[in-house]
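First comes the structure, then the notes that go with it.
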Amino acid sequence: MEIDPLPNGNSATAAPPPSTAAATTTTMTGTTPFSKLTQLTEALKLEHQFLRVPFEHYKKTIRANHRSIEKEVTSVISGVADVADSDSFSKDDAVNHLTSLVSRLQGLKRKLEEGSRTEHLQVQKCRARLNHLESADAENLSEWNNTRLKRILVDYMLRMSYYDTAEKLAESSNMLDLVDIDVFQEAKRVIDALRNKEVAPALAWCADNKSRLKKSKSKFEFQLRLQEFIELVRAENNLRAITYARKYLAPWGATHMKELQRVMATLAFKSNTECTTYKVLFEPKQWDYLVDQFKQEFCKLYGMTLEPLLNIYLQAGLSALNTPYCYEDDCTKEDPLSQESFRKLALPLPYSKQHHSKLVCYITKELMDTENPPQVLPNGHVYSTKALEEMAKKNNGKITCPRTGLVCNYTDLVKAYIS
């Protein structure tokens, strides 16, 4: 699934000064396990999709098998009742009818066995993912993170339609149960059909997931029906288009009357119209819109993020680096945001900091500037001149730090300068 678009970049950290190097080395052993455990805890918080996707796929398979069984059993029971209640059946006809029902039940048995195998494989996948999460600990965190990186790369490849490459990476890393190739293959069939201007597979997908799409108030099926109507108008098959509208579009009239009125007007304006309002309905980009709409509905249905996981992780890192300076011509090449691909990903992100810092007084909550300059107490805390002058007037020239309780004279303060 191609979703518009990020290597995990780590910001460079300064080396410790020589005087503290030894202390850092001696404390490293004690802090590393705790740091790794914290990293592991934070990593597991991001694994919601990892568990939900196979579980949702498993539930969907169960529902599909249940519908199939219910349909076949109801049909067989009805057939038996017809034979039992009818006096027109001869003995041979009754035997033939019952034989066909037996054959139908045998077919149902084969379907059930196949469905059971599919359910078993999906349960196995859910269990494998739980075991994978349980296997993560501070000792093997590096290896576990390496596997997670590969999972993220496979997710990105699948969303960008590199199915063969994704499958080869999953196979070579022995993690087929940890990725969602089968789920994305389902989406691929619908996407390929829409790109070929065919709506039948997409409508079948809507029918399979009708209750859940209705619950989420999805308009995807309606958009597909509109596009099918437009194609009939494009082919100048107006009578068939009107019949189609009565059957499939009329039920949506209560909630989407404006869209219906607009699309019905194409019967008069035709596909070669120059009127912008209706001309856009015949443009090829409408099919691209349907593809994007399907991707969104598909991700919602399985509890996936709308953006690839790789984009999300990289944007999280870039958010700490994103500043106005990164977009200037003299931006250093060491900065990841000097590259156009990273800039595109960081474009919707807020800046992490400003060139000109603003100092706000802890006491008055007012801005400290040249008119109200900051003053530094002997303990290093900084407050505005206005606040400290008022405090000194009320306490005979004494200043009490509101954070530490330190008491000093107003004359002990040192003025700070903002550059």
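Naming scheme: A, B, ... for chains in displayed order of the structure tokens; residues 1 onward per chain; ligands 1 onward as shown.
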
DSSP strand (DSSP E or B) residues within segment 303-373 of chain A, as a list in words:
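DSSP on the backbone gives strand (DSSP E or B) at Leu359, Val360, Leu367 and Met368 of chain A.
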
Neighbouring residues of Gly397 of chain A were defined as those with any atom within 9 Å, considering only C-alpha atoms; residues of the same chain fewer than 5 positions away were excluded. Please report them as an MDAnalysis selection string.
chainID A and resid 389 391:392 408:411

Who sits within 6 Å of segment 202-215 of chain A, only C-alpha atoms, same chain under 3 positions skipped, as JSON, numbers by chain:
{"A": [190, 199, 218]}

List as a PDB file with N, CA, C and O atoms, in the first residue's frame the protein and nucleic acid residues near Leu388 of chain A, meaning an atom at most 12 Å away when only C-alpha atoms are counted, but skip any in the same chain fewer than 4 places from it.
ATOM      1  N   CYS A 361       9.661  35.486  34.026  1.00  0.00           N
ATOM      2  CA  CYS A 361       9.902  35.524  35.471  1.00  0.00           C
ATOM      3  C   CYS A 361       9.068  34.473  36.191  1.00  0.00           C
ATOM      4  O   CYS A 361       7.862  34.344  35.956  1.00  0.00           O
ATOM      5  N   TYR A 362       9.709  33.729  37.075  1.00  0.00           N
ATOM      6  CA  TYR A 362       9.041  32.680  37.841  1.00  0.00           C
ATOM      7  C   TYR A 362       7.982  33.263  38.777  1.00  0.00           C
ATOM      8  O   TYR A 362       6.963  32.639  39.052  1.00  0.00           O
ATOM      9  N   ILE A 363       8.213  34.505  39.238  1.00  0.00           N
ATOM     10  CA  ILE A 363       7.319  35.117  40.237  1.00  0.00           C
ATOM     11  C   ILE A 363       6.133  35.812  39.574  1.00  0.00           C
ATOM     12  O   ILE A 363       4.974  35.530  39.891  1.00  0.00           O
ATOM     13  N   THR A 364       6.423  36.714  38.636  1.00  0.00           N
ATOM     14  CA  THR A 364       5.353  37.523  38.035  1.00  0.00           C
ATOM     15  C   THR A 364       4.792  36.922  36.751  1.00  0.00           C
ATOM     16  O   THR A 364       3.758  37.377  36.262  1.00  0.00           O
ATOM     17  N   ASN A 372      12.768  45.214  31.694  1.00  0.00           N
ATOM     18  CA  ASN A 372      12.585  44.493  32.956  1.00  0.00           C
ATOM     19  C   ASN A 372      13.652  43.399  33.020  1.00  0.00           C
ATOM     20  O   ASN A 372      13.359  42.211  32.908  1.00  0.00           O
ATOM     21  N   PRO A 373      14.933  43.807  33.194  1.00  0.00           N
ATOM     22  CA  PRO A 373      16.043  42.869  33.052  1.00  0.00           C
ATOM     23  C   PRO A 373      16.072  41.817  34.162  1.00  0.00           C
ATOM     24  O   PRO A 373      15.561  42.038  35.262  1.00  0.00           O
ATOM     25  N   PRO A 374      16.673  40.669  33.862  1.00  0.00           N
ATOM     26  CA  PRO A 374      16.793  39.612  34.867  1.00  0.00           C
ATOM     27  C   PRO A 374      17.893  39.926  35.886  1.00  0.00           C
ATOM     28  O   PRO A 374      18.895  40.560  35.556  1.00  0.00           O
ATOM     29  N   GLN A 375      17.688  39.478  37.120  1.00  0.00           N
ATOM     30  CA  GLN A 375      18.669  39.625  38.195  1.00  0.00           C
ATOM     31  C   GLN A 375      19.002  38.238  38.736  1.00  0.00           C
ATOM     32  O   GLN A 375      18.123  37.394  38.901  1.00  0.00           O
ATOM     33  N   VAL A 376      20.293  38.018  39.005  1.00  0.00           N
ATOM     34  CA  VAL A 376      20.755  36.705  39.457  1.00  0.00           C
ATOM     35  C   VAL A 376      21.023  36.732  40.957  1.00  0.00           C
ATOM     36  O   VAL A 376      21.773  37.581  41.452  1.00  0.00           O
ATOM     37  N   LEU A 377      20.408  35.799  41.685  1.00  0.00           N
ATOM     38  CA  LEU A 377      20.634  35.662  43.124  1.00  0.00           C
ATOM     39  C   LEU A 377      21.935  34.913  43.371  1.00  0.00           C
ATOM     40  O   LEU A 377      22.445  34.234  42.458  1.00  0.00           O
ATOM     41  N   HIS A 381      19.649  31.382  40.906  1.00  0.00           N
ATOM     42  CA  HIS A 381      18.308  31.518  40.351  1.00  0.00           C
ATOM     43  C   HIS A 381      18.093  32.938  39.833  1.00  0.00           C
ATOM     44  O   HIS A 381      18.642  33.908  40.366  1.00  0.00           O
ATOM     45  N   VAL A 382      17.291  33.030  38.778  1.00  0.00           N
ATOM     46  CA  VAL A 382      17.099  34.305  38.082  1.00  0.00           C
ATOM     47  C   VAL A 382      15.637  34.726  38.168  1.00  0.00           C
ATOM     48  O   VAL A 382      14.736  33.914  37.912  1.00  0.00           O
ATOM     49  N   TYR A 383      15.408  36.008  38.499  1.00  0.00           N
ATOM     50  CA  TYR A 383      14.061  36.572  38.554  1.00  0.00           C
ATOM     51  C   TYR A 383      14.107  37.974  37.959  1.00  0.00           C
ATOM     52  O   TYR A 383      15.173  38.559  37.782  1.00  0.00           O
ATOM     53  N   SER A 384      12.938  38.530  37.673  1.00  0.00           N
ATOM     54  CA  SER A 384      12.884  39.852  37.044  1.00  0.00           C
ATOM     55  C   SER A 384      13.156  40.956  38.055  1.00  0.00           C
ATOM     56  O   SER A 384      12.886  40.812  39.254  1.00  0.00           O
ATOM     57  N   ALA A 392      11.844  43.577  47.752  1.00  0.00           N
ATOM     58  CA  ALA A 392      12.775  44.305  48.621  1.00  0.00           C
ATOM     59  C   ALA A 392      12.067  45.434  49.361  1.00  0.00           C
ATOM     60  O   ALA A 392      12.352  45.695  50.544  1.00  0.00           O
ATOM     61  N   LYS A 393      11.154  46.129  48.697  1.00  0.00           N
ATOM     62  CA  LYS A 393      10.415  47.224  49.341  1.00  0.00           C
ATOM     63  C   LYS A 393       9.581  46.713  50.507  1.00  0.00           C
ATOM     64  O   LYS A 393       9.434  47.378  51.530  1.00  0.00           O
ATOM     65  N   LYS A 394       9.006  45.532  50.349  1.00  0.00           N
ATOM     66  CA  LYS A 394       8.132  44.976  51.384  1.00  0.00           C
ATOM     67  C   LYS A 394       8.917  44.358  52.540  1.00  0.00           C
ATOM     68  O   LYS A 394       8.372  44.161  53.633  1.00  0.00           O
ATOM     69  N   ASN A 395      10.217  44.047  52.343  1.00  0.00           N
ATOM     70  CA  ASN A 395      10.990  43.323  53.362  1.00  0.00           C
ATOM     71  C   ASN A 395      12.292  44.037  53.743  1.00  0.00           C
ATOM     72  O   ASN A 395      13.293  43.380  54.036  1.00  0.00           O
ATOM     73  N   ASN A 396      12.236  45.377  53.706  1.00  0.00           N
ATOM     74  CA  ASN A 396      13.385  46.173  54.156  1.00  0.00           C
ATOM     75  C   ASN A 396      14.677  45.794  53.427  1.00  0.00           C
ATOM     76  O   ASN A 396      15.737  45.617  54.033  1.00  0.00           O
ATOM     77  N   GLY A 397      14.572  45.657  52.112  1.00  0.00           N
ATOM     78  CA  GLY A 397      15.761  45.384  51.308  1.00  0.00           C
ATOM     79  C   GLY A 397      16.184  43.936  51.278  1.00  0.00           C
ATOM     80  O   GLY A 397      17.219  43.608  50.687  1.00  0.00           O
ATOM     81  N   LYS A 398      15.407  43.025  51.861  1.00  0.00           N
ATOM     82  CA  LYS A 398      15.741  41.612  51.874  1.00  0.00           C
ATOM     83  C   LYS A 398      15.018  40.874  50.733  1.00  0.00           C
ATOM     84  O   LYS A 398      13.865  41.156  50.416  1.00  0.00           O
ATOM     85  N   ILE A 399      15.714  39.907  50.155  1.00  0.00           N
ATOM     86  CA  ILE A 399      15.156  39.086  49.072  1.00  0.00           C
ATOM     87  C   ILE A 399      15.125  37.628  49.534  1.00  0.00           C
ATOM     88  O   ILE A 399      16.131  37.113  50.052  1.00  0.00           O
ATOM     89  N   THR A 400      13.990  36.970  49.361  1.00  0.00           N
ATOM     90  CA  THR A 400      13.861  35.547  49.693  1.00  0.00           C
ATOM     91  C   THR A 400      13.580  34.760  48.418  1.00  0.00           C
ATOM     92  O   THR A 400      12.594  35.021  47.722  1.00  0.00           O
ATOM     93  N   CYS A 401      14.462  33.829  48.119  1.00  0.00           N
ATOM     94  CA  CYS A 401      14.275  33.019  46.902  1.00  0.00           C
ATOM     95  C   CYS A 401      13.043  32.123  47.074  1.00  0.00           C
ATOM     96  O   CYS A 401      12.985  31.323  48.024  1.00  0.00           O
ATOM     97  N   PRO A 402      12.038  32.235  46.196  1.00  0.00           N
ATOM     98  CA  PRO A 402      10.822  31.437  46.344  1.00  0.00           C
ATOM     99  C   PRO A 402      11.039  29.937  46.089  1.00  0.00           C
ATOM    100  O   PRO A 402      10.189  29.125  46.427  1.00  0.00           O
ATOM    101  N   CYS A 408      18.799  37.020  51.098  1.00  0.00           N
ATOM    102  CA  CYS A 408      19.976  37.836  50.804  1.00  0.00           C
ATOM    103  C   CYS A 408      19.544  39.296  50.691  1.00  0.00           C
ATOM    104  O   CYS A 408      18.351  39.603  50.676  1.00  0.00           O
ATOM    105  N   ASN A 409      20.523  40.180  50.598  1.00  0.00           N
ATOM    106  CA  ASN A 409      20.231  41.597  50.423  1.00  0.00           C
ATOM    107  C   ASN A 409      20.050  41.913  48.951  1.00  0.00           C
ATOM    108  O   ASN A 409      20.623  41.242  48.083  1.00  0.00           O
ATOM    109  N   TYR A 410      19.285  42.962  48.709  1.00  0.00           N
ATOM    110  CA  TYR A 410      19.058  43.366  47.317  1.00  0.00           C
ATOM    111  C   TYR A 410      20.368  43.758  46.650  1.00  0.00           C
ATOM    112  O   TYR A 410      20.554  43.556  45.451  1.00  0.00           O
ATOM    113  N   THR A 411      21.292  44.273  47.467  1.00  0.00           N
ATOM    114  CA  THR A 411      22.586  44.697  46.913  1.00  0.00           C
ATOM    115  C   THR A 411      23.443  43.509  46.486  1.00  0.00           C
ATOM    116  O   THR A 411      24.443  43.686  45.781  1.00  0.00           O
ATOM    117  N   ASP A 412      23.072  42.307  46.925  1.00  0.00           N
ATOM    118  CA  ASP A 412      23.853  41.115  46.544  1.00  0.00           C
ATOM    119  C   ASP A 412      23.498  40.605  45.145  1.00  0.00           C
ATOM    120  O   ASP A 412      24.165  39.703  44.625  1.00  0.00           O
ATOM    121  N   LEU A 413      22.445  41.158  44.544  1.00  0.00           N
ATOM    122  CA  LEU A 413      22.001  40.683  43.243  1.00  0.00           C
ATOM    123  C   LEU A 413      22.935  41.136  42.131  1.00  0.00           C
ATOM    124  O   LEU A 413      23.567  42.211  42.237  1.00  0.00           O
ATOM    125  N   VAL A 414      23.031  40.344  41.091  1.00  0.00           N
ATOM    126  CA  VAL A 414      23.858  40.681  39.938  1.00  0.00           C
ATOM    127  C   VAL A 414      22.966  40.745  38.712  1.00  0.00           C
ATOM    128  O   VAL A 414      22.175  39.825  38.447  1.00  0.00           O
ATOM    129  N   LYS A 415      23.081  41.823  37.971  1.00  0.00           N
ATOM    130  CA  LYS A 415      22.254  42.001  36.790  1.00  0.00           C
ATOM    131  C   LYS A 415      22.757  41.111  35.650  1.00  0.00           C
ATOM    132  O   LYS A 415      23.953  41.028  35.404  1.00  0.00           O
TER     133      LYS A 415
END

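Counting from atom CA of Gly303 of chain A, the distance to atom CA of Pro54 of chain A is 10.0 Å.
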
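Counting only C-alpha atoms, segment 146-161 of chain A has the following residues at most 9 Å away, ignoring those fewer than 3 positions along the same chain: Met1, Glu2, Ile3, Asp4, Pro5, Leu141, Ser142, Glu143, Asp164, Thr165, Ala166, Glu167, Leu169, Ala170, Ser173, Met175, Leu178, Val179, Asp180, Ile181, Phe184, Gln185, Lys188, Glu307, Pro308, Leu309, Leu310 and Asn311 of chain A.
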
Compare A:Ser90, A:Gln106, A:Thr61, A:Thr266 by their minimum atom-to-atom distance to Val76 of chain A, counting only C-alpha atoms, and give me the closest one.
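Smallest distance to Val76 of chain A is found for A:Gln106.
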
Between atom CA of Lys358 of chain A and atom CA of Tyr327 of chain A lies a distance of 22.2 Å

Which one is closest to Asn131 of chain A: A:Leu51, A:Met368, A:Leu232, A:Ile242? Count only C-alpha atoms.
A:Leu51

Taking the chain letters and numbering used in this document, name the residues of segment 152-338 of chain A that DSSP puts in alpha helix (DSSP H), as a VMD selection string.
chain A and resid 152 to 159 163 to 172 181 to 195 200 to 208 210 to 215 220 to 234 238 to 244 257 to 264 266 to 269 276 to 279 285 to 302 309 to 318

Just want the 12 Å neighbourhood of Gln293 of chain A, counted on only C-alpha atoms, with same-chain residues fewer than 5 positions away dropped. Output as a compact mmCIF listing (two decimals) with all heavy atoms, in the first residue's frame.
# COMPACT_ATOMS: atom_id res chain seq x y z
N MET A 1 0.84 -1.19 0.00
CA MET A 1 0.00 0.00 0.00
C MET A 1 0.88 1.24 0.00
O MET A 1 1.64 1.47 0.91
CB MET A 1 -0.89 0.03 1.25
CG MET A 1 -1.94 -1.04 1.28
SD MET A 1 -2.69 -1.13 2.89
CE MET A 1 -3.30 0.54 3.02
N GLU A 2 0.79 2.01 -0.98
CA GLU A 2 1.59 3.22 -1.06
C GLU A 2 0.95 4.33 -0.25
O GLU A 2 -0.12 4.79 -0.57
CB GLU A 2 1.76 3.67 -2.51
CG GLU A 2 2.54 2.67 -3.35
CD GLU A 2 2.62 3.10 -4.78
OE1 GLU A 2 2.19 4.22 -5.06
OE2 GLU A 2 3.09 2.32 -5.61
N ILE A 3 1.59 4.72 0.79
CA ILE A 3 1.13 5.85 1.57
C ILE A 3 2.26 6.85 1.61
O ILE A 3 3.37 6.51 1.99
CB ILE A 3 0.72 5.43 2.99
CG1 ILE A 3 -0.43 4.42 2.90
CG2 ILE A 3 0.33 6.61 3.83
CD1 ILE A 3 -0.95 3.98 4.22
N VAL A 190 -7.43 -5.45 -3.94
CA VAL A 190 -8.39 -4.35 -4.10
C VAL A 190 -7.72 -3.14 -4.75
O VAL A 190 -8.28 -2.52 -5.66
CB VAL A 190 -8.99 -3.96 -2.73
CG1 VAL A 190 -9.94 -2.76 -2.88
CG2 VAL A 190 -9.74 -5.14 -2.12
N ILE A 191 -6.51 -2.81 -4.31
CA ILE A 191 -5.80 -1.65 -4.85
C ILE A 191 -5.49 -1.84 -6.33
O ILE A 191 -5.69 -0.92 -7.14
CB ILE A 191 -4.50 -1.40 -4.05
CG1 ILE A 191 -4.84 -0.94 -2.64
CG2 ILE A 191 -3.63 -0.37 -4.74
CD1 ILE A 191 -3.66 -0.86 -1.71
N LEU A 194 -8.68 -1.30 -8.32
CA LEU A 194 -9.06 0.11 -8.42
C LEU A 194 -8.16 0.86 -9.41
O LEU A 194 -8.63 1.73 -10.14
CB LEU A 194 -8.98 0.78 -7.04
CG LEU A 194 -10.07 0.36 -6.03
CD1 LEU A 194 -9.79 0.98 -4.67
CD2 LEU A 194 -11.45 0.77 -6.52
N ALA A 202 -13.47 -4.16 -4.62
CA ALA A 202 -13.64 -3.22 -3.51
C ALA A 202 -15.04 -3.32 -2.91
O ALA A 202 -15.21 -3.27 -1.69
CB ALA A 202 -13.37 -1.79 -3.98
N SER A 218 -18.40 4.85 7.64
CA SER A 218 -17.57 4.97 6.43
C SER A 218 -18.41 5.34 5.22
O SER A 218 -19.53 4.86 5.05
CB SER A 218 -16.85 3.64 6.18
OG SER A 218 -16.24 3.63 4.91
N LYS A 219 -17.85 6.17 4.34
CA LYS A 219 -18.50 6.56 3.08
C LYS A 219 -17.87 5.85 1.88
O LYS A 219 -18.20 6.15 0.74
CB LYS A 219 -18.36 8.08 2.88
CG LYS A 219 -19.12 8.92 3.88
CD LYS A 219 -18.80 10.39 3.71
CE LYS A 219 -19.08 10.89 2.30
NZ LYS A 219 -18.81 12.34 2.14
N PHE A 220 -16.98 4.90 2.15
CA PHE A 220 -16.21 4.30 1.06
C PHE A 220 -17.11 3.60 0.04
O PHE A 220 -16.95 3.77 -1.16
CB PHE A 220 -15.18 3.32 1.62
CG PHE A 220 -14.32 2.69 0.58
CD1 PHE A 220 -13.59 3.46 -0.30
CD2 PHE A 220 -14.23 1.30 0.46
CE1 PHE A 220 -12.79 2.89 -1.28
CE2 PHE A 220 -13.45 0.72 -0.50
CZ PHE A 220 -12.72 1.51 -1.38
N GLU A 221 -18.08 2.80 0.51
CA GLU A 221 -18.97 2.11 -0.42
C GLU A 221 -19.76 3.11 -1.25
O GLU A 221 -19.95 2.92 -2.46
CB GLU A 221 -19.93 1.19 0.33
CG GLU A 221 -20.83 0.40 -0.61
CD GLU A 221 -21.82 -0.49 0.12
OE1 GLU A 221 -21.74 -0.59 1.36
OE2 GLU A 221 -22.69 -1.08 -0.56
N PHE A 222 -20.21 4.19 -0.62
CA PHE A 222 -20.94 5.23 -1.35
C PHE A 222 -20.08 5.85 -2.44
O PHE A 222 -20.53 6.07 -3.57
CB PHE A 222 -21.41 6.30 -0.36
CG PHE A 222 -22.10 7.47 -1.00
CD1 PHE A 222 -23.29 7.31 -1.67
CD2 PHE A 222 -21.55 8.74 -0.92
CE1 PHE A 222 -23.93 8.39 -2.27
CE2 PHE A 222 -22.17 9.83 -1.50
CZ PHE A 222 -23.37 9.65 -2.18
N GLN A 223 -18.80 6.11 -2.12
CA GLN A 223 -17.89 6.68 -3.11
C GLN A 223 -17.67 5.72 -4.27
O GLN A 223 -17.57 6.14 -5.44
CB GLN A 223 -16.54 7.01 -2.46
CG GLN A 223 -16.60 8.05 -1.36
CD GLN A 223 -17.00 9.41 -1.86
OE1 GLN A 223 -16.89 9.70 -3.04
NE2 GLN A 223 -17.46 10.29 -0.97
N LEU A 224 -17.62 4.43 -3.99
CA LEU A 224 -17.48 3.43 -5.06
C LEU A 224 -18.71 3.43 -5.96
O LEU A 224 -18.59 3.35 -7.20
CB LEU A 224 -17.29 2.04 -4.45
CG LEU A 224 -15.95 1.77 -3.74
CD1 LEU A 224 -16.01 0.44 -3.02
CD2 LEU A 224 -14.80 1.78 -4.74
N GLN A 286 -9.87 10.72 -9.70
CA GLN A 286 -10.92 10.20 -8.82
C GLN A 286 -10.60 8.76 -8.41
O GLN A 286 -10.92 8.34 -7.29
CB GLN A 286 -12.27 10.26 -9.53
CG GLN A 286 -12.80 11.67 -9.77
CD GLN A 286 -13.05 12.43 -8.49
OE1 GLN A 286 -13.54 11.87 -7.51
NE2 GLN A 286 -12.71 13.71 -8.48
N TRP A 287 -9.97 8.01 -9.31
CA TRP A 287 -9.58 6.64 -8.97
C TRP A 287 -8.44 6.64 -7.95
O TRP A 287 -8.40 5.78 -7.06
CB TRP A 287 -9.18 5.88 -10.23
CG TRP A 287 -10.34 5.57 -11.12
CD1 TRP A 287 -10.75 6.24 -12.23
CD2 TRP A 287 -11.28 4.50 -10.95
NE1 TRP A 287 -11.87 5.66 -12.77
CE2 TRP A 287 -12.22 4.58 -12.00
CE3 TRP A 287 -11.42 3.47 -10.01
CZ2 TRP A 287 -13.28 3.68 -12.14
CZ3 TRP A 287 -12.47 2.57 -10.14
CH2 TRP A 287 -13.38 2.68 -11.19
N ASP A 288 -7.54 7.60 -8.07
CA ASP A 288 -6.47 7.72 -7.07
C ASP A 288 -7.05 8.06 -5.71
O ASP A 288 -6.57 7.56 -4.67
CB ASP A 288 -5.47 8.81 -7.48
CG ASP A 288 -4.75 8.47 -8.78
OD1 ASP A 288 -4.60 7.26 -9.06
OD2 ASP A 288 -4.36 9.40 -9.52
N PHE A 298 -8.93 0.59 5.30
CA PHE A 298 -8.26 -0.69 5.57
C PHE A 298 -7.44 -0.59 6.85
O PHE A 298 -7.49 -1.49 7.71
CB PHE A 298 -7.37 -1.06 4.38
CG PHE A 298 -6.69 -2.39 4.52
CD1 PHE A 298 -7.36 -3.56 4.19
CD2 PHE A 298 -5.38 -2.46 4.96
CE1 PHE A 298 -6.73 -4.78 4.32
CE2 PHE A 298 -4.74 -3.68 5.09
CZ PHE A 298 -5.42 -4.84 4.76
N CYS A 299 -6.68 0.50 6.99
CA CYS A 299 -5.86 0.68 8.20
C CYS A 299 -6.73 0.81 9.45
O CYS A 299 -6.40 0.25 10.50
CB CYS A 299 -4.96 1.91 8.04
SG CYS A 299 -3.64 1.69 6.82
N LYS A 300 -7.81 1.55 9.34
CA LYS A 300 -8.73 1.70 10.48
C LYS A 300 -9.31 0.35 10.89
O LYS A 300 -9.44 0.04 12.08
CB LYS A 300 -9.86 2.67 10.13
CG LYS A 300 -9.46 4.12 10.05
CD LYS A 300 -10.66 4.99 9.67
CE LYS A 300 -10.28 6.43 9.47
NZ LYS A 300 -11.44 7.25 9.03
N LEU A 306 -2.12 5.12 10.12
CA LEU A 306 -2.32 5.56 8.74
C LEU A 306 -1.00 5.80 8.03
O LEU A 306 -0.87 5.57 6.83
CB LEU A 306 -3.17 6.84 8.70
CG LEU A 306 -4.59 6.70 9.26
CD1 LEU A 306 -5.34 8.02 9.14
CD2 LEU A 306 -5.37 5.61 8.55

Identify which of the residues A:Cys331, A:Ala94, A:Ala241, A:Leu176 lies closest to Met264 of chain A, counting only C-alpha atoms when measuring atom-to-atom distances.
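Once distances to Met264 of chain A are computed over only C-alpha atoms, the minimum belongs to A:Ala241.
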